[in-house]
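Undergrad: My structure is stored as coords.cif, with mmCIF, C-alpha atoms.
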```
data_start
loop_
_atom_site.label_atom_id
_atom_site.label_comp_id
_atom_site.auth_asym_id
_atom_site.auth_seq_id
_atom_site.Cartn_x
_atom_site.Cartn_y
_atom_site.Cartn_z
CA MET A 1 80.55 -87.57 77.49
CA HIS A 2 77.61 -87.25 75.13
CA PRO A 3 76.24 -90.13 73.02
CA LYS A 4 77.12 -90.71 69.41
CA VAL A 5 75.57 -88.01 67.21
CA ILE A 6 73.37 -89.55 64.51
CA LEU A 7 73.24 -87.53 61.31
CA GLN A 8 71.60 -90.15 59.13
CA THR A 9 70.01 -93.57 59.55
CA ASN A 10 70.27 -96.58 57.30
CA PHE A 11 68.03 -99.56 58.02
CA PRO A 12 68.32 -101.96 55.06
CA GLY A 13 65.47 -104.16 56.32
CA LEU A 14 62.98 -101.28 56.36
CA LYS A 15 61.36 -99.47 53.43
CA PHE A 16 62.94 -96.01 53.29
CA LEU A 17 60.53 -93.26 52.23
CA LYS A 18 62.25 -89.90 52.57
CA ARG A 19 64.70 -87.74 54.44
CA GLY A 20 63.63 -84.34 55.76
CA LYS A 21 65.66 -81.61 57.42
CA VAL A 22 65.76 -83.60 60.67
CA ARG A 23 63.71 -86.77 60.27
CA ASP A 24 64.25 -89.98 58.34
CA ILE A 25 60.95 -91.65 57.50
CA TYR A 26 60.34 -95.35 56.85
CA GLU A 27 57.23 -97.30 55.95
CA VAL A 28 56.49 -100.20 58.27
CA GLY A 29 53.38 -102.04 57.10
CA GLU A 30 50.38 -99.76 57.61
CA TYR A 31 52.43 -97.35 59.74
CA LEU A 32 55.22 -94.85 59.35
CA LEU A 33 58.36 -94.88 61.45
CA ILE A 34 59.66 -91.36 62.05
CA VAL A 35 63.25 -91.25 63.26
CA SER A 36 64.53 -87.93 64.65
CA THR A 37 68.23 -87.58 63.89
CA ASP A 38 70.55 -85.02 65.48
CA ARG A 39 70.67 -82.93 62.30
CA ILE A 40 69.90 -79.26 62.67
CA SER A 41 68.90 -76.74 60.04
CA ALA A 42 68.83 -72.96 60.09
CA PHE A 43 67.41 -70.74 57.36
CA ASP A 44 66.42 -74.02 55.65
CA VAL A 45 70.08 -75.07 55.34
CA ILE A 46 71.15 -78.31 57.07
CA MET A 47 74.31 -77.85 59.12
CA ASN A 48 77.28 -80.19 58.69
CA GLN A 49 77.39 -81.19 62.35
CA GLY A 50 74.63 -82.52 64.56
CA ILE A 51 73.54 -81.47 68.05
CA PRO A 52 74.04 -84.08 70.81
CA TYR A 53 70.73 -85.50 72.20
CA LYS A 54 68.65 -83.39 69.79
CA GLY A 55 66.66 -86.22 68.18
CA MET A 56 65.81 -87.69 71.58
CA ILE A 57 64.75 -84.28 72.91
CA LEU A 58 62.45 -83.60 69.95
CA THR A 59 60.82 -87.01 70.35
CA LYS A 60 60.23 -86.62 74.10
CA ILE A 61 58.87 -83.08 73.82
CA SER A 62 56.57 -83.98 70.91
CA GLU A 63 55.22 -86.98 72.78
CA PHE A 64 54.58 -84.84 75.86
CA TRP A 65 52.58 -82.25 73.92
CA PHE A 66 50.68 -84.78 71.79
CA ARG A 67 49.38 -86.34 75.03
CA PHE A 68 48.75 -82.91 76.60
CA VAL A 69 46.46 -81.61 73.84
CA GLU A 70 44.74 -84.80 72.68
CA ASP A 71 41.54 -83.50 74.27
CA ILE A 72 41.61 -80.72 71.64
CA ILE A 73 42.56 -82.81 68.60
CA PRO A 74 43.75 -86.40 68.00
CA ASN A 75 47.26 -86.99 66.66
CA HIS A 76 49.21 -89.56 64.67
CA LEU A 77 51.29 -91.00 67.54
CA ILE A 78 50.92 -94.72 68.26
CA THR A 79 53.98 -95.36 70.44
CA THR A 80 57.56 -94.32 71.10
CA ASN A 81 58.31 -97.60 72.86
CA VAL A 82 60.68 -99.60 70.65
CA GLU A 83 59.52 -102.84 72.31
CA GLU A 84 56.05 -102.21 70.82
CA PHE A 85 57.32 -101.57 67.28
CA PRO A 86 56.71 -104.18 64.53
CA SER A 87 59.18 -107.08 64.52
CA GLU A 88 61.10 -105.83 61.46
CA CYS A 89 62.30 -102.87 63.56
CA LYS A 90 63.89 -105.08 66.22
CA PRO A 91 67.37 -105.35 64.57
CA TYR A 92 67.64 -101.57 64.79
CA ALA A 93 66.26 -101.16 68.31
CA ASP A 94 69.42 -99.64 69.79
CA GLU A 95 69.53 -96.86 67.22
CA LEU A 96 65.77 -96.28 67.31
CA ARG A 97 65.41 -96.19 71.09
CA GLY A 98 64.44 -92.76 72.40
CA ARG A 99 64.43 -91.02 69.02
CA SER A 100 61.63 -92.62 67.02
CA MET A 101 57.85 -92.64 66.80
CA LEU A 102 55.56 -95.21 65.25
CA VAL A 103 52.72 -93.18 63.72
CA LYS A 104 49.59 -93.42 61.62
CA LYS A 105 50.00 -92.89 57.89
CA THR A 106 48.11 -89.77 56.81
CA GLU A 107 47.45 -87.63 53.77
CA VAL A 108 49.49 -84.52 54.62
CA ILE A 109 47.75 -81.14 54.37
CA PRO A 110 50.33 -79.00 52.48
CA ILE A 111 50.14 -75.94 54.75
CA GLU A 112 52.39 -74.96 57.66
CA SER A 113 49.99 -73.85 60.41
CA VAL A 114 51.85 -71.03 62.14
CA VAL A 115 50.49 -69.29 65.21
CA ARG A 116 52.11 -66.17 66.66
CA GLY A 117 51.51 -64.80 70.14
CA TYR A 118 54.34 -62.28 69.88
CA ILE A 119 55.83 -60.28 67.02
CA THR A 120 59.34 -61.30 65.98
CA GLY A 121 61.27 -62.99 63.17
CA SER A 122 59.73 -62.93 59.68
CA GLY A 123 56.54 -61.54 61.25
CA MET A 124 58.44 -58.45 62.38
CA VAL A 125 59.94 -58.06 58.91
CA ASP A 126 56.45 -58.20 57.33
CA TYR A 127 55.04 -55.80 59.91
CA LYS A 128 57.77 -53.22 59.38
CA ALA A 129 57.19 -53.34 55.63
CA THR A 130 53.39 -53.46 55.53
CA GLY A 131 51.92 -52.97 59.01
CA SER A 132 50.52 -56.49 58.66
CA ILE A 133 51.53 -60.15 59.01
CA CYS A 134 50.19 -62.49 56.33
CA GLY A 135 47.53 -59.92 55.47
CA ILE A 136 46.41 -59.43 59.10
CA LYS A 137 46.47 -55.71 59.91
CA LEU A 138 48.09 -55.04 63.31
CA PRO A 139 48.10 -51.94 65.56
CA GLU A 140 50.69 -49.27 64.81
CA GLY A 141 53.80 -48.91 66.95
CA LEU A 142 54.43 -52.55 67.88
CA VAL A 143 58.04 -53.25 68.84
CA GLU A 144 60.29 -56.32 68.62
CA SER A 145 59.01 -59.22 70.78
CA GLU A 146 55.81 -57.42 71.81
CA LYS A 147 52.88 -59.60 72.89
CA LEU A 148 49.90 -59.46 70.55
CA ASN A 149 46.42 -58.87 71.95
CA GLU A 150 45.38 -62.28 70.66
CA PRO A 151 47.39 -65.04 68.94
CA ILE A 152 47.14 -64.86 65.15
CA PHE A 153 47.09 -67.63 62.55
CA THR A 154 49.66 -66.93 59.84
CA PRO A 155 49.95 -69.89 57.45
CA ALA A 156 52.89 -70.66 55.21
CA THR A 157 53.45 -72.86 52.20
CA LYS A 158 55.03 -76.24 52.84
CA GLU A 159 57.99 -76.37 50.47
CA GLU A 160 60.24 -79.24 49.51
CA LEU A 161 63.62 -79.71 51.21
CA GLY A 162 66.02 -76.94 50.24
CA SER A 163 63.32 -74.35 49.54
CA HIS A 164 62.05 -71.68 51.93
CA ASP A 165 58.49 -71.89 53.24
CA GLN A 166 56.64 -68.74 52.17
CA ASN A 167 54.28 -66.76 54.43
CA ILE A 168 50.84 -66.49 52.81
CA SER A 169 47.47 -65.02 53.73
CA GLU A 170 44.57 -67.07 55.07
CA ASP A 171 42.74 -66.51 51.78
CA GLU A 172 45.73 -67.84 49.81
CA ALA A 173 45.82 -70.90 52.09
CA LYS A 174 42.13 -71.50 51.42
CA LYS A 175 42.82 -71.52 47.68
CA ILE A 176 45.34 -74.34 48.25
CA VAL A 177 43.33 -76.66 50.54
CA GLY A 178 39.84 -75.17 50.82
CA ASP A 179 37.89 -72.98 53.26
CA GLU A 180 36.67 -75.81 55.48
CA VAL A 181 40.14 -77.26 56.08
CA ILE A 182 41.73 -73.89 56.84
CA ASN A 183 38.91 -72.86 59.19
CA PHE A 184 39.31 -76.15 61.08
CA ILE A 185 43.10 -76.12 61.37
CA LYS A 186 43.11 -72.42 62.29
CA GLU A 187 40.74 -73.08 65.19
CA LYS A 188 42.72 -76.11 66.40
CA THR A 189 46.14 -74.46 65.95
CA ILE A 190 45.13 -71.50 68.12
CA ALA A 191 43.44 -73.73 70.73
CA VAL A 192 46.52 -75.99 71.02
CA TYR A 193 48.81 -72.95 71.25
CA LYS A 194 46.74 -71.31 73.99
CA LYS A 195 46.63 -74.45 76.15
CA ALA A 196 50.35 -75.12 75.73
CA TYR A 197 51.22 -71.44 76.25
CA GLU A 198 49.49 -71.36 79.65
CA ASP A 199 51.20 -74.56 80.78
CA ALA A 200 54.65 -73.48 79.60
CA LEU A 201 54.30 -70.05 81.22
CA LYS A 202 53.78 -71.67 84.63
CA LYS A 203 57.10 -73.46 84.02
CA GLY A 204 58.97 -70.27 83.13
CA ILE A 205 58.86 -70.47 79.33
CA ILE A 206 57.08 -68.14 76.91
CA ILE A 207 56.05 -69.86 73.68
CA ALA A 208 56.29 -66.87 71.35
CA ASP A 209 55.19 -68.74 68.23
CA THR A 210 55.07 -72.23 66.80
CA LYS A 211 54.13 -74.14 63.68
CA MET A 212 52.04 -77.29 63.41
CA GLU A 213 51.27 -79.77 60.69
CA PHE A 214 48.07 -81.65 60.02
CA GLY A 215 47.06 -84.68 58.00
CA LYS A 216 43.88 -86.57 57.10
CA TYR A 217 43.39 -90.03 58.59
CA ASN A 218 40.20 -91.98 57.81
CA GLY A 219 38.54 -88.72 56.81
CA GLU A 220 39.49 -86.97 60.05
CA ILE A 221 42.04 -84.15 60.37
CA ILE A 222 44.68 -84.92 63.02
CA LEU A 223 47.97 -83.44 64.26
CA ILE A 224 51.11 -84.95 62.72
CA ASP A 225 54.90 -84.50 62.52
CA GLU A 226 56.34 -82.84 65.64
CA LEU A 227 54.65 -80.58 68.16
CA LEU A 228 55.87 -77.54 70.12
CA THR A 229 59.56 -78.46 69.99
CA PRO A 230 62.55 -76.10 70.02
CA ASP A 231 62.81 -76.76 66.27
CA SER A 232 59.26 -75.66 65.48
CA SER A 233 58.79 -72.95 68.13
CA ARG A 234 60.37 -69.95 69.77
CA PHE A 235 60.82 -70.58 73.50
CA TRP A 236 61.84 -67.57 75.61
CA PRO A 237 62.78 -67.51 79.33
CA ALA A 238 59.85 -65.72 80.98
CA ASP A 239 61.98 -64.18 83.73
CA LYS A 240 64.19 -62.42 81.17
CA TYR A 241 61.47 -61.26 78.81
CA GLN A 242 61.54 -57.60 77.85
CA LYS A 243 59.77 -56.21 74.82
CA GLY A 244 61.71 -53.99 72.45
CA ARG A 245 64.67 -56.33 71.98
CA VAL A 246 65.53 -59.77 70.67
CA GLN A 247 65.01 -62.34 73.44
CA GLU A 248 67.25 -65.06 74.82
CA SER A 249 65.89 -68.44 73.81
CA PHE A 250 65.76 -72.19 74.46
CA ASP A 251 65.60 -72.98 70.77
CA LYS A 252 67.65 -72.80 67.60
CA GLN A 253 67.41 -69.02 67.51
CA PHE A 254 70.75 -69.18 69.35
CA LEU A 255 72.24 -70.94 66.31
CA ARG A 256 70.53 -68.51 63.91
CA ASN A 257 72.00 -65.58 65.84
CA TYR A 258 75.49 -67.10 65.53
CA LEU A 259 75.05 -67.56 61.78
CA ILE A 260 73.85 -63.97 61.42
CA SER A 261 76.92 -62.80 63.38
CA ILE A 262 79.26 -64.44 60.85
CA ASN A 263 77.23 -63.06 57.90
CA PHE A 264 76.13 -66.51 56.69
CA ASN A 265 74.45 -65.97 53.30
CA ARG A 266 71.64 -68.46 54.11
CA GLN A 267 72.59 -70.70 51.18
CA PRO A 268 74.36 -74.08 51.10
CA PRO A 269 77.04 -75.04 51.83
CA ALA A 270 76.69 -74.57 55.58
CA PRO A 271 79.69 -73.34 57.57
CA ASP A 272 81.27 -75.67 60.11
CA LEU A 273 80.02 -74.86 63.60
CA PRO A 274 82.44 -74.27 66.51
CA GLU A 275 82.24 -76.86 69.30
CA GLU A 276 81.10 -74.14 71.70
CA ILE A 277 78.04 -73.33 69.54
CA ILE A 278 77.17 -77.03 69.18
CA MET A 279 77.34 -77.70 72.92
CA LYS A 280 75.52 -74.50 73.89
CA THR A 281 72.70 -75.36 71.47
CA SER A 282 72.49 -78.85 73.00
CA GLU A 283 72.33 -77.36 76.51
CA LYS A 284 69.45 -75.07 75.49
CA TYR A 285 67.47 -77.97 74.03
CA LEU A 286 68.09 -80.08 77.17
CA GLU A 287 66.97 -77.21 79.37
CA ALA A 288 63.76 -76.81 77.34
CA LEU A 289 63.04 -80.53 77.73
CA GLU A 290 63.49 -80.45 81.49
CA LYS A 291 61.52 -77.23 82.05
CA LEU A 292 58.58 -78.22 79.85
CA THR A 293 58.24 -81.92 80.63
CA GLY A 294 60.17 -82.50 83.86
CA GLN A 295 62.17 -85.18 82.02
CA LYS A 296 65.89 -85.60 81.46
CA ILE A 297 67.78 -87.62 78.88
#
```
I need this file expressed as C-alpha coordinates, please.
TA:
Amino acid sequence: MHPKVILQTNFPGLKFLKRGKVRDIYEVGEYLLIVSTDRISAFDVIMNQGIPYKGMILTKISEFWFRFVEDIIPNHLITTNVEEFPSECKPYADELRGRSMLVKKTEVIPIESVVRGYITGSGMVDYKATGSICGIKLPEGLVESEKLNEPIFTPATKEELGSHDQNISEDEAKKIVGDEVINFIKEKTIAVYKKAYEDALKKGIIIADTKMEFGKYNGEIILIDELLTPDSSRFWPADKYQKGRVQESFDKQFLRNYLISINFNRQPPAPDLPEEIIMKTSEKYLEALEKLTGQKI
(Lines of atoms letter the chains of each structure in order from A and count residues from 1; the text may use other names and numbers.)
(Lines give C-alpha, C1' and ligand atoms only; values in the text may rest on other atoms or scores of the structure.)
Protein backbone atom coordinates (compact mmCIF):
# COMPACT_ATOMS: atom_id res chain seq x y z
CA MET A 1 0.00 0.00 0.00
CA HIS A 2 1.63 3.24 -1.08
CA PRO A 3 1.14 6.58 0.70
CA LYS A 4 -1.30 9.23 -0.42
CA VAL A 5 -0.15 10.83 -3.66
CA ILE A 6 0.20 14.60 -3.28
CA LEU A 7 -0.47 16.53 -6.47
CA GLN A 8 -0.70 19.98 -4.93
CA THR A 9 -0.10 21.60 -1.56
CA ASN A 10 -2.10 24.30 0.16
CA PHE A 11 -0.69 25.85 3.31
CA PRO A 12 -2.85 28.89 4.16
CA GLY A 13 -0.46 30.05 6.90
CA LEU A 14 2.51 30.28 4.53
CA LYS A 15 3.17 32.80 1.76
CA PHE A 16 2.70 30.94 -1.53
CA LEU A 17 5.10 32.05 -4.28
CA LYS A 18 4.69 29.78 -7.28
CA ARG A 19 3.96 26.33 -8.59
CA GLY A 20 6.37 24.65 -11.00
CA LYS A 21 6.07 21.38 -12.89
CA VAL A 22 6.80 19.42 -9.71
CA ARG A 23 7.53 21.84 -6.87
CA ASP A 24 5.36 24.21 -4.86
CA ILE A 25 7.40 27.09 -3.47
CA TYR A 26 6.63 29.17 -0.38
CA GLU A 27 8.40 32.10 1.22
CA VAL A 28 9.21 31.61 4.88
CA GLY A 29 10.90 34.72 6.27
CA GLU A 30 14.34 35.03 4.68
CA TYR A 31 14.12 31.49 3.27
CA LEU A 32 12.24 29.56 0.64
CA LEU A 33 10.40 26.33 1.33
CA ILE A 34 10.51 24.00 -1.67
CA VAL A 35 7.94 21.21 -1.52
CA SER A 36 8.34 18.34 -4.00
CA THR A 37 4.92 16.99 -4.92
CA ASP A 38 4.29 13.69 -6.72
CA ARG A 39 3.43 15.45 -9.97
CA ILE A 40 5.27 14.28 -13.06
CA SER A 41 5.73 16.02 -16.38
CA ALA A 42 6.86 14.72 -19.75
CA PHE A 43 7.54 16.85 -22.81
CA ASP A 44 6.77 19.82 -20.53
CA VAL A 45 3.19 18.61 -20.00
CA ILE A 46 2.09 17.80 -16.43
CA MET A 47 0.35 14.44 -16.20
CA ASN A 48 -3.04 14.10 -14.51
CA GLN A 49 -1.86 11.47 -12.04
CA GLY A 50 1.07 11.54 -9.67
CA ILE A 51 3.78 8.94 -9.02
CA PRO A 52 3.78 7.37 -5.52
CA TYR A 53 6.83 8.40 -3.40
CA LYS A 54 8.20 10.64 -6.17
CA GLY A 55 8.46 13.88 -4.17
CA MET A 56 10.22 12.09 -1.31
CA ILE A 57 12.64 10.39 -3.72
CA LEU A 58 13.57 13.66 -5.44
CA THR A 59 14.20 15.32 -2.08
CA LYS A 60 16.39 12.50 -0.75
CA ILE A 61 18.43 12.18 -3.95
CA SER A 62 18.95 15.95 -4.22
CA GLU A 63 20.07 16.16 -0.61
CA PHE A 64 22.51 13.29 -1.15
CA TRP A 65 24.14 14.95 -4.17
CA PHE A 66 24.18 18.46 -2.67
CA ARG A 67 26.24 17.05 0.23
CA PHE A 68 28.39 14.95 -2.12
CA VAL A 69 29.57 17.84 -4.30
CA GLU A 70 29.69 20.71 -1.81
CA ASP A 71 33.48 20.59 -2.04
CA ILE A 72 33.08 21.70 -5.68
CA ILE A 73 30.41 24.37 -5.19
CA PRO A 74 28.13 25.49 -2.32
CA ASN A 75 24.37 25.00 -2.64
CA HIS A 76 21.14 26.49 -1.34
CA LEU A 77 20.15 23.67 1.03
CA ILE A 78 19.74 24.55 4.71
CA THR A 79 17.84 21.51 6.00
CA THR A 80 15.31 18.84 5.07
CA ASN A 81 14.50 18.18 8.72
CA VAL A 82 10.97 19.45 9.38
CA GLU A 83 11.77 19.81 13.09
CA GLU A 84 14.31 22.51 12.15
CA PHE A 85 11.91 24.49 9.95
CA PRO A 86 10.56 27.87 11.15
CA SER A 87 7.62 27.64 13.56
CA GLU A 88 5.01 28.70 10.97
CA CYS A 89 5.68 25.42 9.12
CA LYS A 90 4.81 23.26 12.14
CA PRO A 91 1.04 22.94 11.40
CA TYR A 92 1.94 21.34 8.08
CA ALA A 93 4.73 19.08 9.34
CA ASP A 94 3.04 15.80 8.37
CA GLU A 95 2.63 16.84 4.75
CA LEU A 96 6.08 18.45 4.56
CA ARG A 97 8.00 15.58 6.14
CA GLY A 98 10.35 13.85 3.70
CA ARG A 99 9.41 15.95 0.68
CA SER A 100 10.54 19.49 1.46
CA MET A 101 13.72 21.55 1.68
CA LEU A 102 14.33 24.81 3.49
CA VAL A 103 16.71 26.75 1.23
CA LYS A 104 18.46 30.06 0.78
CA LYS A 105 16.68 32.65 -1.35
CA THR A 106 18.73 33.38 -4.47
CA GLU A 107 18.61 35.41 -7.66
CA VAL A 108 18.06 32.66 -10.24
CA ILE A 109 20.39 32.56 -13.26
CA PRO A 110 17.96 32.05 -16.19
CA ILE A 111 19.93 29.30 -17.94
CA GLU A 112 19.48 25.52 -17.74
CA SER A 113 23.02 24.15 -17.36
CA VAL A 114 22.92 20.88 -19.28
CA VAL A 115 25.87 18.51 -19.42
CA ARG A 116 25.94 15.48 -21.71
CA GLY A 117 28.30 12.54 -21.40
CA TYR A 118 26.44 10.48 -23.99
CA ILE A 119 24.51 11.33 -27.14
CA THR A 120 20.75 10.77 -26.95
CA GLY A 121 17.44 12.62 -26.79
CA SER A 122 17.32 16.15 -28.23
CA GLY A 123 21.12 16.01 -28.56
CA MET A 124 20.81 13.11 -30.99
CA VAL A 125 18.16 15.00 -32.96
CA ASP A 126 20.47 18.05 -33.24
CA TYR A 127 23.44 15.87 -34.18
CA LYS A 128 21.57 14.05 -36.94
CA ALA A 129 20.46 17.37 -38.40
CA THR A 130 23.67 19.39 -38.05
CA GLY A 131 26.54 17.17 -36.87
CA SER A 132 26.63 19.35 -33.75
CA ILE A 133 24.89 19.82 -30.39
CA CYS A 134 24.27 23.42 -29.34
CA GLY A 135 26.92 24.56 -31.82
CA ILE A 136 29.55 22.04 -30.61
CA LYS A 137 30.87 20.10 -33.60
CA LEU A 138 31.09 16.36 -32.86
CA PRO A 139 32.88 13.50 -34.67
CA GLU A 140 31.07 11.89 -37.59
CA GLY A 141 29.38 8.52 -37.23
CA LEU A 142 28.21 8.70 -33.60
CA VAL A 143 25.31 6.39 -32.84
CA GLU A 144 22.42 6.49 -30.35
CA SER A 145 23.63 6.39 -26.71
CA GLU A 146 27.33 6.55 -27.63
CA LYS A 147 29.71 7.89 -24.98
CA LEU A 148 31.34 11.19 -25.89
CA ASN A 149 35.11 11.61 -25.55
CA GLU A 150 34.51 14.32 -22.96
CA PRO A 151 31.29 15.63 -21.38
CA ILE A 152 29.96 18.71 -23.16
CA PHE A 153 28.15 21.76 -21.80
CA THR A 154 24.98 22.40 -23.79
CA PRO A 155 22.90 25.17 -22.19
CA ALA A 156 19.21 25.76 -22.69
CA THR A 157 16.85 28.63 -22.07
CA LYS A 158 14.82 28.49 -18.88
CA GLU A 159 11.23 28.95 -20.01
CA GLU A 160 8.08 29.58 -18.02
CA LEU A 161 5.75 26.70 -17.13
CA GLY A 162 4.03 25.33 -20.22
CA SER A 163 6.79 26.35 -22.64
CA HIS A 164 9.63 24.17 -23.91
CA ASP A 165 13.20 24.96 -22.87
CA GLN A 166 15.22 25.67 -26.02
CA ASN A 167 18.75 24.36 -26.64
CA ILE A 168 21.13 27.27 -27.32
CA SER A 169 24.83 27.71 -27.99
CA GLU A 170 27.33 28.78 -25.34
CA ASP A 171 27.68 32.13 -27.13
CA GLU A 172 23.91 32.67 -27.01
CA ALA A 173 23.93 31.85 -23.28
CA LYS A 174 26.68 34.42 -22.75
CA LYS A 175 24.50 37.06 -24.41
CA ILE A 176 21.79 36.32 -21.82
CA VAL A 177 23.85 36.29 -18.59
CA GLY A 178 27.40 37.29 -19.54
CA ASP A 179 30.71 35.57 -20.30
CA GLU A 180 31.92 35.37 -16.71
CA VAL A 181 28.77 33.66 -15.41
CA ILE A 182 28.64 31.11 -18.23
CA ASN A 183 32.35 30.29 -17.92
CA PHE A 184 31.89 29.71 -14.18
CA ILE A 185 28.74 27.58 -14.37
CA LYS A 186 30.15 25.58 -17.30
CA GLU A 187 33.23 24.67 -15.27
CA LYS A 188 31.20 23.76 -12.18
CA THR A 189 28.51 21.85 -14.12
CA ILE A 190 31.11 19.62 -15.76
CA ALA A 191 33.05 19.14 -12.49
CA VAL A 192 29.89 18.14 -10.58
CA TYR A 193 28.85 15.78 -13.39
CA LYS A 194 32.24 14.06 -13.51
CA LYS A 195 32.38 13.47 -9.75
CA ALA A 196 28.79 12.18 -9.62
CA TYR A 197 29.29 10.08 -12.77
CA GLU A 198 32.23 8.19 -11.23
CA ASP A 199 30.34 7.54 -8.00
CA ALA A 200 27.17 6.39 -9.75
CA LEU A 201 29.10 4.11 -12.10
CA LYS A 202 30.53 2.20 -9.13
CA LYS A 203 26.92 1.65 -8.05
CA GLY A 204 25.81 0.34 -11.44
CA ILE A 205 24.25 3.49 -12.89
CA ILE A 206 25.41 5.51 -15.89
CA ILE A 207 24.47 9.18 -15.67
CA ALA A 208 24.10 9.90 -19.38
CA ASP A 209 23.23 13.58 -18.96
CA THR A 210 21.77 15.97 -16.44
CA LYS A 211 20.74 19.57 -16.00
CA MET A 212 21.56 21.90 -13.12
CA GLU A 213 20.40 25.31 -12.02
CA PHE A 214 22.36 28.07 -10.37
CA GLY A 215 21.54 31.22 -8.45
CA LYS A 216 23.39 34.17 -6.89
CA TYR A 217 23.48 34.41 -3.10
CA ASN A 218 25.37 37.28 -1.44
CA GLY A 219 27.28 37.79 -4.68
CA GLU A 220 28.31 34.13 -4.92
CA ILE A 221 27.02 31.65 -7.51
CA ILE A 222 25.64 28.48 -5.88
CA LEU A 223 23.73 25.35 -6.92
CA ILE A 224 19.95 25.53 -6.48
CA ASP A 225 16.72 23.66 -7.25
CA GLU A 226 17.25 19.88 -7.51
CA LEU A 227 20.39 17.94 -8.32
CA LEU A 228 21.00 14.74 -10.29
CA THR A 229 17.51 13.32 -9.81
CA PRO A 230 15.58 11.00 -12.15
CA ASP A 231 13.60 14.09 -13.20
CA SER A 232 16.64 16.11 -14.25
CA SER A 233 18.92 13.31 -15.50
CA ARG A 234 19.06 10.19 -17.61
CA PHE A 235 20.07 7.20 -15.47
CA TRP A 236 20.91 3.98 -17.33
CA PRO A 237 21.67 0.53 -15.85
CA ALA A 238 25.40 0.06 -16.52
CA ASP A 239 25.14 -3.72 -16.88
CA LYS A 240 22.64 -3.38 -19.73
CA TYR A 241 24.32 -0.54 -21.59
CA GLN A 242 24.87 -1.06 -25.30
CA LYS A 243 25.50 1.76 -27.72
CA GLY A 244 23.45 1.93 -30.90
CA ARG A 245 20.05 1.63 -29.22
CA VAL A 246 17.80 3.42 -26.76
CA GLN A 247 18.70 2.35 -23.21
CA GLU A 248 16.60 1.07 -20.36
CA SER A 249 16.42 3.70 -17.64
CA PHE A 250 15.76 4.53 -13.99
CA ASP A 251 14.13 7.82 -14.86
CA LYS A 252 11.07 9.27 -16.55
CA GLN A 253 12.29 8.16 -19.97
CA PHE A 254 10.13 5.10 -19.28
CA LEU A 255 7.09 7.38 -19.13
CA ARG A 256 8.22 9.31 -22.22
CA ASN A 257 8.57 6.04 -24.14
CA TYR A 258 5.01 5.07 -23.18
CA LEU A 259 3.68 8.45 -24.35
CA ILE A 260 5.56 8.10 -27.64
CA SER A 261 4.06 4.61 -28.08
CA ILE A 262 0.51 6.03 -27.87
CA ASN A 263 1.42 8.91 -30.23
CA PHE A 264 0.90 11.60 -27.58
CA ASN A 265 1.07 14.96 -29.40
CA ARG A 266 3.15 16.56 -26.59
CA GLN A 267 0.48 19.19 -25.92
CA PRO A 268 -2.01 19.53 -23.05
CA PRO A 269 -4.29 17.94 -22.08
CA ALA A 270 -2.28 14.96 -20.86
CA PRO A 271 -3.70 11.46 -21.34
CA ASP A 272 -4.64 9.44 -18.26
CA LEU A 273 -1.86 7.01 -17.38
CA PRO A 274 -2.57 3.28 -16.84
CA GLU A 275 -1.94 2.03 -13.29
CA GLU A 276 0.81 -0.23 -14.62
CA ILE A 277 2.77 2.73 -16.04
CA ILE A 278 2.34 4.72 -12.80
CA MET A 279 3.58 1.87 -10.60
CA LYS A 280 6.45 0.92 -12.91
CA THR A 281 7.64 4.54 -12.97
CA SER A 282 7.49 4.62 -9.15
CA GLU A 283 9.52 1.39 -8.96
CA LYS A 284 12.21 2.85 -11.23
CA TYR A 285 12.51 5.99 -9.11
CA LEU A 286 12.70 3.90 -5.91
CA GLU A 287 15.40 1.72 -7.45
CA ALA A 288 17.42 4.81 -8.44
CA LEU A 289 17.18 6.12 -4.87
CA GLU A 290 18.40 2.87 -3.35
CA LYS A 291 21.22 2.30 -5.85
CA LEU A 292 22.56 5.86 -5.68
CA THR A 293 22.16 6.67 -2.00
CA GLY A 294 21.69 3.33 -0.23
CA GLN A 295 18.45 4.72 1.23
CA LYS A 296 14.88 3.46 1.08
CA ILE A 297 11.60 5.27 1.63
Undergrad: Do you know which residues the PyMOL selection byres ((chain A and resi 21) around 8) returns on this file, as a list in words?
TA: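 Applied to this file, the PyMOL selection byres ((chain A and resi 21) around 8) selects Arg19, Gly20, Val22, Arg23, Arg39, Ile40, Ser41, Asp44, Ile46 and Leu161 of chain A.
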Undergrad: Any chance you could resolve the PyMOL selection byres ((chain A and resi 151) around 7) against this file and give the residues as an NGL selection string?
TA: :A and (115-117 or 148-150 or 152-153 or 190)
Undergrad: So which residues get picked by the PyMOL selection byres ((chain A and resi 94) around 12) here, written as a PyMOL selection string?
TA: chain A and resi 4+9+11+81-83+89-93+95-100
Undergrad: Within 10 Å of (82.0, -76.3, 55.5) (coordinates as in the file), grab all the protein and nucleic acid residues, counting all atoms listed in the file, and write them out as an MDAnalysis selection string.
TA: chainID A and resid 47:49 268:273
Undergrad: So which one's closest to A:Asn257, A:Ile109, A:Leu223, A:Asn218, A:Ala42? Using all atoms listed in the file, please.
TA: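 Closest residue, counting all atoms listed in the file: A:Ala42.
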Undergrad: So which one's closest to A:Thr210, A:Thr79, A:Thr157, A:Ser113, A:Thr293? Using only C-alpha atoms, please.
TA: A:Ser113
Undergrad: Near A:Ser132, within 12 Å and counting all atoms listed in the file, which residues show up once chain neighbours fewer than 5 positions away are dropped, as an MDAnalysis selection string?
TA: chainID A and resid 119 122:127 137:142 152 154 167:169
Undergrad: Could you jot down the atom CA of A:Arg234 to atom CA of A:Lys211 separation for me, Å, one decimal place?
TA: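 So the answer is 9.7 Å.
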Undergrad: Take atom CA of A:Pro230 and atom CA of A:Phe184 and report the distance between them in Å, one decimal.
TA: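 Going from atom CA of A:Pro230 over to atom CA of A:Phe184, I get 24.9 Å.
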Undergrad: Could you check which of A:Val177, A:Ile224, A:Val69, A:Leu58 is closest to A:Lys105, using only C-alpha atoms?
TA: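 Answer, going by the shortest atom-to-atom distance: A:Ile224.
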Undergrad: Quick one: residues within 9 Å of A:Val5, all atoms listed in the file counted, chain neighbours fewer than 3 positions away excluded, as a short mmCIF file (atom, residue, chain, number, x, y, z; two decimals) with C-alpha atoms, in the coordinates of the input?
TA:
```cif
data_model
loop_
_atom_site.label_atom_id
_atom_site.label_comp_id
_atom_site.auth_asym_id
_atom_site.auth_seq_id
_atom_site.Cartn_x
_atom_site.Cartn_y
_atom_site.Cartn_z
CA HIS A 2 77.61 -87.25 75.13
CA THR A 37 68.23 -87.58 63.89
CA ASP A 38 70.55 -85.02 65.48
CA ARG A 39 70.67 -82.93 62.30
CA GLN A 49 77.39 -81.19 62.35
CA GLY A 50 74.63 -82.52 64.56
CA ILE A 51 73.54 -81.47 68.05
CA PRO A 52 74.04 -84.08 70.81
CA TYR A 53 70.73 -85.50 72.20
CA LYS A 54 68.65 -83.39 69.79
#
```
Undergrad: Using all atoms listed in the file, which of the listed residues (A:Arg245, A:Lys158, A:Lys284, A:Lys203) sits closest to A:Asp231?
TA: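 Distance minimum relative to A:Asp231 lands on A:Lys284.
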